[in-house]
$ cat coords.pdb   # PDB, C-alpha atoms and all ligand atoms
ATOM      1  CA  MET A 338       0.000   0.000   0.000
ATOM      2  CA  TYR A 339       1.114   3.530  -0.758
ATOM      3  CA  ARG A 340       2.285   5.404   2.343
ATOM      4  CA  GLY A 341       3.076   9.083   2.005
ATOM      5  CA  ARG A 342       3.581  12.031   4.280
ATOM      6  CA  TYR A 343       3.733  15.764   4.589
ATOM      7  CA  ALA A 344       6.346  17.093   6.987
ATOM      8  CA  PRO A 345       6.142  20.844   7.626
ATOM      9  CA  SER A 346       8.563  22.730   9.860
ATOM     10  CA  PRO A 347       6.712  25.161  12.153
ATOM     11  CA  THR A 348       9.206  27.951  11.546
ATOM     12  CA  GLY A 349       6.836  30.328   9.771
ATOM     13  CA  PRO A 350       3.411  30.537   8.132
ATOM     14  CA  LEU A 351       2.839  28.163   5.208
ATOM     15  CA  HIS A 352       3.280  29.852   1.852
ATOM     16  CA  LEU A 353       2.393  28.693  -1.637
ATOM     17  CA  GLY A 354       5.654  26.799  -2.023
ATOM     18  CA  ASN A 355       4.962  24.653   1.044
ATOM     19  CA  ALA A 356       1.327  24.228   0.085
ATOM     20  CA  LEU A 357       2.239  23.006  -3.385
ATOM     21  CA  ALA A 358       4.226  20.141  -1.877
ATOM     22  CA  ALA A 359       1.374  19.409   0.540
ATOM     23  CA  ALA A 360      -1.200  19.363  -2.269
ATOM     24  CA  VAL A 361       0.878  17.028  -4.436
ATOM     25  CA  ALA A 362       1.687  14.761  -1.487
ATOM     26  CA  PHE A 363      -2.002  14.590  -0.548
ATOM     27  CA  ARG A 364      -3.041  13.740  -4.099
ATOM     28  CA  ARG A 365      -0.383  11.058  -4.569
ATOM     29  CA  ALA A 366      -1.425   9.436  -1.272
ATOM     30  CA  ARG A 367      -5.044   9.106  -2.391
ATOM     31  CA  GLY A 368      -6.193   5.575  -1.623
ATOM     32  CA  GLY A 369      -3.218   4.980   0.676
ATOM     33  CA  ALA A 370      -2.043   6.290   4.032
ATOM     34  CA  PHE A 371      -1.118   9.941   4.536
ATOM     35  CA  VAL A 372       0.966  10.831   7.571
ATOM     36  CA  LEU A 373       1.362  14.333   8.977
ATOM     37  CA  ARG A 374       4.683  14.826  10.725
ATOM     38  CA  VAL A 375       5.712  18.082  12.334
ATOM     39  CA  GLU A 376       9.449  18.664  12.003
ATOM     40  CA  ASP A 377      10.023  20.647  15.154
ATOM     41  CA  LEU A 378      13.447  19.419  16.276
ATOM     42  CA  ASP A 379      15.205  22.726  15.800
ATOM     43  CA  ARG A 380      13.496  24.388  18.766
ATOM     44  CA  PRO A 381      15.201  27.783  18.415
ATOM     45  CA  ARG A 382      13.781  28.117  14.873
ATOM     46  CA  CYS A 383      10.247  27.014  15.745
ATOM     47  CA  VAL A 384       7.691  29.787  16.291
ATOM     48  CA  PRO A 385       5.247  29.317  19.200
ATOM     49  CA  GLY A 386       1.685  28.733  17.992
ATOM     50  CA  MET A 387       2.824  28.009  14.447
ATOM     51  CA  VAL A 388       1.839  24.325  14.466
ATOM     52  CA  GLU A 389      -1.811  25.219  15.089
ATOM     53  CA  ARG A 390      -1.722  27.888  12.377
ATOM     54  CA  GLN A 391      -0.233  25.473   9.847
ATOM     55  CA  LEU A 392      -2.769  22.758  10.677
ATOM     56  CA  GLU A 393      -5.526  25.332  10.239
ATOM     57  CA  ASP A 394      -4.090  26.200   6.801
ATOM     58  CA  LEU A 395      -4.119  22.540   5.800
ATOM     59  CA  ARG A 396      -7.710  22.119   6.960
ATOM     60  CA  TRP A 397      -8.705  25.204   4.977
ATOM     61  CA  LEU A 398      -7.160  23.630   1.872
ATOM     62  CA  GLY A 399      -9.126  20.451   2.552
ATOM     63  CA  ILE A 400      -5.959  18.458   3.173
ATOM     64  CA  THR A 401      -6.603  15.727   5.733
ATOM     65  CA  TRP A 402      -4.339  13.014   7.094
ATOM     66  CA  SER A 403      -4.920   9.449   8.190
ATOM     67  CA  GLU A 404      -2.090   9.278  10.770
ATOM     68  CA  GLY A 405      -0.624  11.869  13.107
ATOM     69  CA  PRO A 406       0.208  14.612  13.632
ATOM     70  CA  PHE A 407       3.452  13.170  14.958
ATOM     71  CA  PHE A 408       6.018  15.502  16.469
ATOM     72  CA  GLN A 409       9.710  14.902  15.969
ATOM     73  CA  SER A 410      10.395  16.640  19.276
ATOM     74  CA  GLU A 411       8.591  13.744  20.992
ATOM     75  CA  ARG A 412      10.574  11.052  19.200
ATOM     76  CA  SER A 413      14.021   9.645  19.899
ATOM     77  CA  TYR A 414      16.800   9.185  17.392
ATOM     78  CA  ASP A 415      19.270   7.558  19.794
ATOM     79  CA  ALA A 416      18.710   4.078  18.352
ATOM     80  CA  ALA A 417      19.432   5.246  14.805
ATOM     81  CA  ILE A 418      22.626   7.001  15.885
ATOM     82  CA  ALA A 419      23.718   3.943  17.896
ATOM     83  CA  ALA A 420      23.053   1.707  14.893
ATOM     84  CA  LEU A 421      25.259   3.898  12.717
ATOM     85  CA  PHE A 422      28.077   3.797  15.298
ATOM     86  CA  ALA A 423      27.700   0.006  15.492
ATOM     87  CA  ALA A 424      27.962  -0.211  11.709
ATOM     88  CA  GLY A 425      31.124   1.913  11.708
ATOM     89  CA  ARG A 426      29.306   4.703   9.851
ATOM     90  CA  ALA A 427      29.308   7.393  12.570
ATOM     91  CA  TYR A 428      32.027   9.244  14.432
ATOM     92  CA  TYR A 429      32.567  12.209  16.737
ATOM     93  CA  CYS A 430      33.806  15.487  15.328
ATOM     94  CA  THR A 431      35.252  18.356  17.317
ATOM     95  CA  CYS A 432      36.157  20.626  14.394
ATOM     96  CA  SER A 433      34.985  24.220  14.514
ATOM     97  CA  ARG A 434      33.409  25.885  11.487
ATOM     98  CA  LYS A 435      36.543  27.975  11.171
ATOM     99  CA  GLN A 436      38.808  24.932  11.065
ATOM    100  CA  ILE A 437      36.693  23.308   8.360
ATOM    101  CA  ALA A 438      36.520  26.468   6.257
ATOM    102  CA  ALA A 439      40.307  26.790   6.465
ATOM    103  CA  VAL A 440      40.963  23.399   4.857
ATOM    104  CA  SER A 441      38.068  23.075   2.436
ATOM    105  CA  ALA A 442      36.676  24.977  -0.540
ATOM    106  CA  PRO A 443      32.984  25.901  -0.582
ATOM    107  CA  HIS A 444      30.832  23.490  -2.578
ATOM    108  CA  GLY A 445      27.663  23.012  -4.556
ATOM    109  CA  PRO A 446      24.383  24.857  -5.062
ATOM    110  CA  ALA A 447      22.902  24.324  -1.604
ATOM    111  CA  ASP A 448      24.351  26.499   1.076
ATOM    112  CA  ASP A 449      25.189  23.914   3.648
ATOM    113  CA  GLY A 450      28.766  25.015   3.957
ATOM    114  CA  PRO A 451      32.089  23.735   2.732
ATOM    115  CA  ARG A 452      32.804  20.055   2.134
ATOM    116  CA  TYR A 453      33.920  18.332   5.322
ATOM    117  CA  PRO A 454      37.308  16.741   4.621
ATOM    118  CA  GLY A 455      36.987  13.875   7.101
ATOM    119  CA  THR A 456      39.474  15.193   9.628
ATOM    120  CA  CYS A 457      37.947  13.317  12.583
ATOM    121  CA  ARG A 458      37.213  10.022  10.793
ATOM    122  CA  GLY A 459      37.771   7.089  13.110
ATOM    123  CA  ARG A 460      37.105   9.033  16.296
ATOM    124  CA  ILE A 461      34.723   6.760  18.168
ATOM    125  CA  GLU A 462      35.675   7.629  21.774
ATOM    126  CA  LYS A 463      33.257  10.246  23.054
ATOM    127  CA  PRO A 464      35.217  13.529  23.377
ATOM    128  CA  SER A 465      35.068  15.375  26.683
ATOM    129  CA  GLY A 466      34.148  18.790  25.277
ATOM    130  CA  ARG A 467      31.727  19.922  22.586
ATOM    131  CA  TYR A 468      31.242  17.562  19.678
ATOM    132  CA  ALA A 469      29.011  16.825  16.730
ATOM    133  CA  VAL A 470      28.346  13.377  15.268
ATOM    134  CA  ARG A 471      29.050  12.857  11.568
ATOM    135  CA  PHE A 472      27.955  10.193   9.111
ATOM    136  CA  LEU A 473      30.760   8.495   7.219
ATOM    137  CA  VAL A 474      29.710   8.645   3.573
ATOM    138  CA  GLU A 475      30.691   6.257   0.846
ATOM    139  CA  PRO A 476      32.462   7.474  -2.272
ATOM    140  CA  GLY A 477      30.790   7.174  -5.653
ATOM    141  CA  VAL A 478      27.799   8.612  -7.442
ATOM    142  CA  VAL A 479      24.349   8.216  -5.888
ATOM    143  CA  ARG A 480      21.520   8.247  -8.382
ATOM    144  CA  VAL A 481      17.959   9.397  -7.683
ATOM    145  CA  ASP A 482      15.261   8.657 -10.212
ATOM    146  CA  ASP A 483      12.845  11.336  -9.131
ATOM    147  CA  ALA A 484       9.243  10.936 -10.226
ATOM    148  CA  LEU A 485       8.948  14.655 -11.031
ATOM    149  CA  GLN A 486      12.479  15.955 -11.523
ATOM    150  CA  GLY A 487      13.847  12.974 -13.433
ATOM    151  CA  PRO A 488      17.318  11.547 -12.839
ATOM    152  CA  PHE A 489      19.635  13.377 -10.447
ATOM    153  CA  GLU A 490      23.141  12.303  -9.551
ATOM    154  CA  GLN A 491      25.524  13.375  -6.858
ATOM    155  CA  ASP A 492      28.801  12.138  -5.441
ATOM    156  CA  VAL A 493      28.068  12.894  -1.800
ATOM    157  CA  ASP A 494      31.635  12.263  -0.702
ATOM    158  CA  ALA A 495      33.105  14.593  -3.306
ATOM    159  CA  SER A 496      30.602  17.424  -2.886
ATOM    160  CA  VAL A 497      29.373  17.328   0.718
ATOM    161  CA  GLY A 498      31.664  14.952   2.586
ATOM    162  CA  ASP A 499      30.798  13.337   5.912
ATOM    163  CA  PHE A 500      27.824  15.337   7.139
ATOM    164  CA  VAL A 501      26.474  16.108  10.608
ATOM    165  CA  ILE A 502      23.752  13.851  12.019
ATOM    166  CA  ALA A 503      23.766  15.259  15.555
ATOM    167  CA  ARG A 504      24.739  18.878  16.069
ATOM    168  CA  ALA A 505      27.102  20.171  18.708
ATOM    169  CA  ASP A 506      24.152  21.884  20.444
ATOM    170  CA  GLY A 507      22.551  18.459  20.886
ATOM    171  CA  VAL A 508      19.920  18.866  18.156
ATOM    172  CA  VAL A 509      19.501  15.844  15.886
ATOM    173  CA  ALA A 510      20.105  16.953  12.314
ATOM    174  CA  TYR A 511      17.300  17.072   9.760
ATOM    175  CA  GLN A 512      19.002  14.515   7.484
ATOM    176  CA  LEU A 513      19.036  11.812  10.121
ATOM    177  CA  ALA A 514      15.653  12.560  11.701
ATOM    178  CA  VAL A 515      13.860  12.531   8.362
ATOM    179  CA  VAL A 516      15.361   9.185   7.350
ATOM    180  CA  ALA A 517      14.816   7.516  10.744
ATOM    181  CA  ASP A 518      11.173   8.647  10.669
ATOM    182  CA  ASP A 519      10.595   7.695   7.044
ATOM    183  CA  ILE A 520      11.862   4.213   7.932
ATOM    184  CA  ALA A 521       9.813   3.960  11.157
ATOM    185  CA  MET A 522       6.665   5.248   9.417
ATOM    186  CA  GLN A 523       7.243   2.899   6.468
ATOM    187  CA  MET A 524       7.014   5.527   3.796
ATOM    188  CA  THR A 525       6.822   4.190   0.264
ATOM    189  CA  GLU A 526       7.253   7.633  -1.314
ATOM    190  CA  VAL A 527       8.620  10.967  -0.156
ATOM    191  CA  VAL A 528       6.981  14.039  -1.693
ATOM    192  CA  ARG A 529       8.453  17.441  -0.856
ATOM    193  CA  GLY A 530       9.728  20.697  -2.309
ATOM    194  CA  GLY A 531      12.362  20.643  -5.031
ATOM    195  CA  ASP A 532      14.860  22.468  -2.832
ATOM    196  CA  LEU A 533      15.387  19.185  -0.987
ATOM    197  CA  LEU A 534      16.414  17.180  -4.046
ATOM    198  CA  TYR A 535      19.981  18.121  -3.197
ATOM    199  CA  SER A 536      19.644  16.392   0.203
ATOM    200  CA  THR A 537      18.275  13.170  -1.254
ATOM    201  CA  PRO A 538      21.550  11.387  -2.152
ATOM    202  CA  ARG A 539      22.705  11.922   1.453
ATOM    203  CA  GLN A 540      19.461  10.447   2.699
ATOM    204  CA  ILE A 541      19.718   7.464   0.345
ATOM    205  CA  GLN A 542      23.105   6.668   1.878
ATOM    206  CA  LEU A 543      21.530   6.888   5.340
ATOM    207  CA  PHE A 544      18.651   4.567   4.399
ATOM    208  CA  GLU A 545      21.146   2.012   3.158
ATOM    209  CA  ALA A 546      23.428   2.347   6.182
ATOM    210  CA  LEU A 547      20.386   1.776   8.423
ATOM    211  CA  GLY A 548      19.549  -1.376   6.492
ATOM    212  CA  ALA A 549      16.414  -0.008   4.816
ATOM    213  CA  ALA A 550      15.455   0.235   1.159
ATOM    214  CA  PRO A 551      15.015   3.909   0.198
ATOM    215  CA  PRO A 552      11.471   4.977  -0.739
ATOM    216  CA  ALA A 553      10.563   6.537  -4.071
ATOM    217  CA  PHE A 554      11.006  10.310  -4.339
ATOM    218  CA  ALA A 555       8.923  13.042  -5.955
ATOM    219  CA  HIS A 556      10.232  16.590  -5.629
ATOM    220  CA  THR A 557       7.753  19.283  -6.567
ATOM    221  CA  PRO A 558       8.626  22.294  -8.701
ATOM    222  CA  LEU A 559       9.796  25.383  -6.838
ATOM    223  CA  VAL A 560       7.313  28.225  -6.677
ATOM    224  CA  VAL A 561       9.065  31.373  -7.837
ATOM    225  CA  ALA A 562       7.994  34.988  -7.619
ATOM    226  CA  GLU A 563       8.227  35.560 -11.388
ATOM    227  CA  LYS A 564       8.635  33.396 -14.473
ATOM    228  CA  ASP A 565      12.408  33.584 -14.790
ATOM    229  CA  GLY A 566      12.589  34.779 -11.302
ATOM    230  CA  THR A 567      13.572  34.674  -7.789
ATOM    231  CA  LYS A 568      12.846  32.078  -5.185
ATOM    232  CA  LEU A 569       9.753  32.654  -3.109
ATOM    233  CA  SER A 570      10.664  33.300   0.469
ATOM    234  CA  LYS A 571       8.831  33.457   3.767
ATOM    235  CA  ARG A 572       9.168  37.217   3.463
ATOM    236  CA  ASP A 573       6.824  37.291   0.447
ATOM    237  CA  GLY A 574       4.071  37.959   2.961
ATOM    238  CA  GLY A 575       1.104  38.173   0.566
ATOM    239  CA  HIS A 576       1.597  34.590  -0.521
ATOM    240  CA  THR A 577       1.019  32.956   2.794
ATOM    241  CA  LEU A 578      -2.053  30.760   2.958
ATOM    242  CA  GLU A 579      -3.331  32.946   5.769
ATOM    243  CA  GLY A 580      -3.166  35.932   3.413
ATOM    244  CA  LEU A 581      -4.961  34.051   0.641
ATOM    245  CA  ARG A 582      -7.629  32.862   3.045
ATOM    246  CA  ALA A 583      -8.169  36.429   4.224
ATOM    247  CA  ARG A 584      -8.664  37.429   0.582
ATOM    248  CA  GLY A 585     -11.454  34.898   0.229
ATOM    249  CA  VAL A 586      -9.634  32.390  -1.980
ATOM    250  CA  ASP A 587     -11.359  28.981  -2.226
ATOM    251  CA  GLY A 588      -9.062  26.530  -0.367
ATOM    252  CA  PRO A 589      -9.956  23.203  -2.015
ATOM    253  CA  ALA A 590      -9.937  24.815  -5.474
ATOM    254  CA  LEU A 591      -6.449  26.166  -4.773
ATOM    255  CA  ARG A 592      -5.378  22.727  -3.548
ATOM    256  CA  ASP A 593      -6.589  21.049  -6.717
ATOM    257  CA  ARG A 594      -4.935  23.628  -8.943
ATOM    258  CA  MET A 595      -1.636  23.223  -7.066
ATOM    259  CA  ALA A 596      -1.856  19.434  -7.182
ATOM    260  CA  ALA A 597      -2.294  19.569 -10.964
ATOM    261  CA  LEU A 598       0.471  22.121 -11.588
ATOM    262  CA  GLY A 599       2.799  20.522  -9.076
ATOM    263  CA  SER A 600       2.466  17.132 -10.725
ATOM    264  CA  GLU A 601       3.994  18.442 -13.941
ATOM    265  CA  LYS A 602       7.604  17.535 -14.567
ATOM    266  CA  ARG A 603       9.160  20.939 -14.373
ATOM    267  CA  ALA A 604      11.603  22.788 -12.170
ATOM    268  CA  THR A 605       9.673  25.976 -11.380
ATOM    269  CA  ILE A 606       6.169  27.432 -11.336
ATOM    270  CA  ALA A 607       5.578  31.170 -11.235
ATOM    271  CA  LEU A 608       3.158  32.594  -8.683
ATOM    272  CA  ASP A 609       0.833  34.047 -11.281
ATOM    273  CA  GLU A 610       0.336  30.615 -12.829
ATOM    274  CA  ILE A 611      -1.206  29.442  -9.555
ATOM    275  CA  ILE A 612      -3.456  32.341  -8.645
TER     276      ILE A 612
HETATM  277  N1  LIG B   1      10.427  19.971   6.937
HETATM  278  C1  LIG B   1      10.757  20.190   5.553
HETATM  279  C2  LIG B   1      10.055  21.425   5.017
HETATM  280  O1  LIG B   1       9.268  22.016   5.687
HETATM  281  C3  LIG B   1      10.375  19.014   4.689
HETATM  282  C4  LIG B   1      11.268  17.849   4.929
HETATM  283  C5  LIG B   1      10.890  16.623   4.144
HETATM  284  O2  LIG B   1       9.765  16.526   3.647
HETATM  285  O3  LIG B   1      11.743  15.760   4.027
HETATM  286  O4  LIG B   1      10.349  21.854   3.923
HETATM  287 ZN    ZN B   2      36.105  17.031  12.815
END
$ encode --input "coords.pdb" --output "structure tokens"
Amino acid sequence: MYRGRYAPSPTGPLHLGNALAAAVAFRRARGGAFVLRVEDLDRPRCVPGMVERQLEDLRWLGITWSEGPFFQSERSYDAAIAALFAAGRAYYCTCSRKQIAAVSAPHGPADDGPRYPGTCRGRIEKPSGRYAVRFLVEPGVVRVDDALQGPFEQDVDASVGDFVIARADGVVAYQLAVVADDIAMQMTEVVRGGDLLYSTPRQIQLFEALGAAPPAFAHTPLVVAEKDGTKLSKRDGGHTLEGLRARGVDGPALRDRMAALGSEKRATIALDEII
């Protein structure tokens, strides 16, 4: 049976870009299970009251879920991290940002910092001071056959390097939490915004290291402010769902329009194509 999910982060009001992914995820899960999972691990970035506002937005769109909401802040990722240590795929890292920047050139399109050169590889004794936990990546190209974006390839080792799975401030990193949950919740397909395609090869390596078959992936087109234009940001205030609702827009009609547009195999959709 198809099992899908929508996994918003309660860091700001939902805008059209988020809603597009939600609408496509909801449509693809028709006839199967649809899980709502709130990604609220990064407490400092979460806005109080935002979960309720986002759920209200989803209800207004007529997007309903069959399981959840689950909250990542109420879940534990210790077992996943322990499993990676046991498999020799995790290690402690005490490098500062400055140290990493000094030995490594900046990489790739996503701004998650310079490639980590593996300085602390093999460090499996817990350090006494501050430390992060990194995932030991395998060299070689990882291929994603995305249902909407087509084939995408990345050599995680060459472009990202061993990445953080538990931050020095104790917060479990998005990459690990999302994979541990997608395994635990038995997702058959992951639908989300196209900006996360770049994270997918990392996550595929994590699925495999945790002994799970990766799900299928469908990354929705990015909603941009203008045709050849700029990325829509949370600051584009008028395009929040709350703003659209206040203007009297019909929620389910908007959902259906977004589901149709977002199911097209394309990289971007301009705002004025939606409304
Ligand atoms: N929490 C992420 C977001 O709000 C989605 C993560 C995912 O679906 O894997 O964009
Ligand atoms: Zn290090």
$ atom_distance --input "coords.pdb" --atom1 "atom CA of A:Leu357" --atom2 "atom CA of A:Ala596"
6.6 Å
$ resolve_selection --input "coords.pdb" --expression "the PyMOL selection byres (((chain A and resi 382) around 12) and not hetatm)" --output "number ranges by chain"
A: 346-349, 376-381, 383-385, 387, 508
$ residues_near_point --input "coords.pdb" --point "(13.6, 6.4, 8.7)" --cutoff "10 Å" --atoms "all atoms listed in the file" --output "list in words"
Tyr414, Ala417, Gln512, Leu513, Ala514, Val515, Val516, Ala517, Asp518, Asp519, Ile520, Ala521, Met522, Gln523, Met524, Gln540, Leu543, Phe544, Leu547, Ala549, Ala550, Pro551 and Pro552 of chain A
$ residues_near_ligand --input "coords.pdb" --ligand "ligand LIG 1 (chain B)" --cutoff "8 Å" --atoms "all atoms listed in the file" --output "PyMOL selection string"
chain A and resi 342-347+355+375-376+511+515+527-530+533
$ residues_near_point --input "coords.pdb" --point "(32.8, 12.1, -5.0)" --cutoff "7 Å" --atoms "only C-alpha atoms" --output "PDB file with C-alpha atoms, in the coordinates of the input"
ATOM      1  CA  PRO A 476      32.462   7.474  -2.272  1.00  0.00           C
ATOM      2  CA  GLY A 477      30.790   7.174  -5.653  1.00  0.00           C
ATOM      3  CA  VAL A 478      27.799   8.612  -7.442  1.00  0.00           C
ATOM      4  CA  ASP A 492      28.801  12.138  -5.441  1.00  0.00           C
ATOM      5  CA  VAL A 493      28.068  12.894  -1.800  1.00  0.00           C
ATOM      6  CA  ASP A 494      31.635  12.263  -0.702  1.00  0.00           C
ATOM      7  CA  ALA A 495      33.105  14.593  -3.306  1.00  0.00           C
ATOM      8  CA  SER A 496      30.602  17.424  -2.886  1.00  0.00           C
TER       9      SER A 496
END
$ residues_near_ligand --input "coords.pdb" --ligand "ligand ZN 2 (chain B)" --cutoff "8 Å" --atoms "all atoms listed in the file" --output "PyMOL selection string"
chain A and resi 429-433+437+453+455-458
$ resolve_selection --input "coords.pdb" --expression "the PyMOL selection byres (((chain A and resi 362-370) around 6) and not hetatm)" --output "JSON, numbers by chain"
{"A": [338, 339, 340, 341, 358, 359, 360, 361, 371, 403, 528]}
$ closest_residue --input "coords.pdb" --among "A:Ala438, A:Leu534, A:Leu351, A:Val509" --to "A:Gly450" --atoms "all atoms listed in the file"
A:Ala438
$ closest_residue --input "coords.pdb" --among "A:Ala546, A:Ala356, A:Ala484, A:Leu591" --to "A:Ala420" --atoms "all atoms listed in the file"
A:Ala546
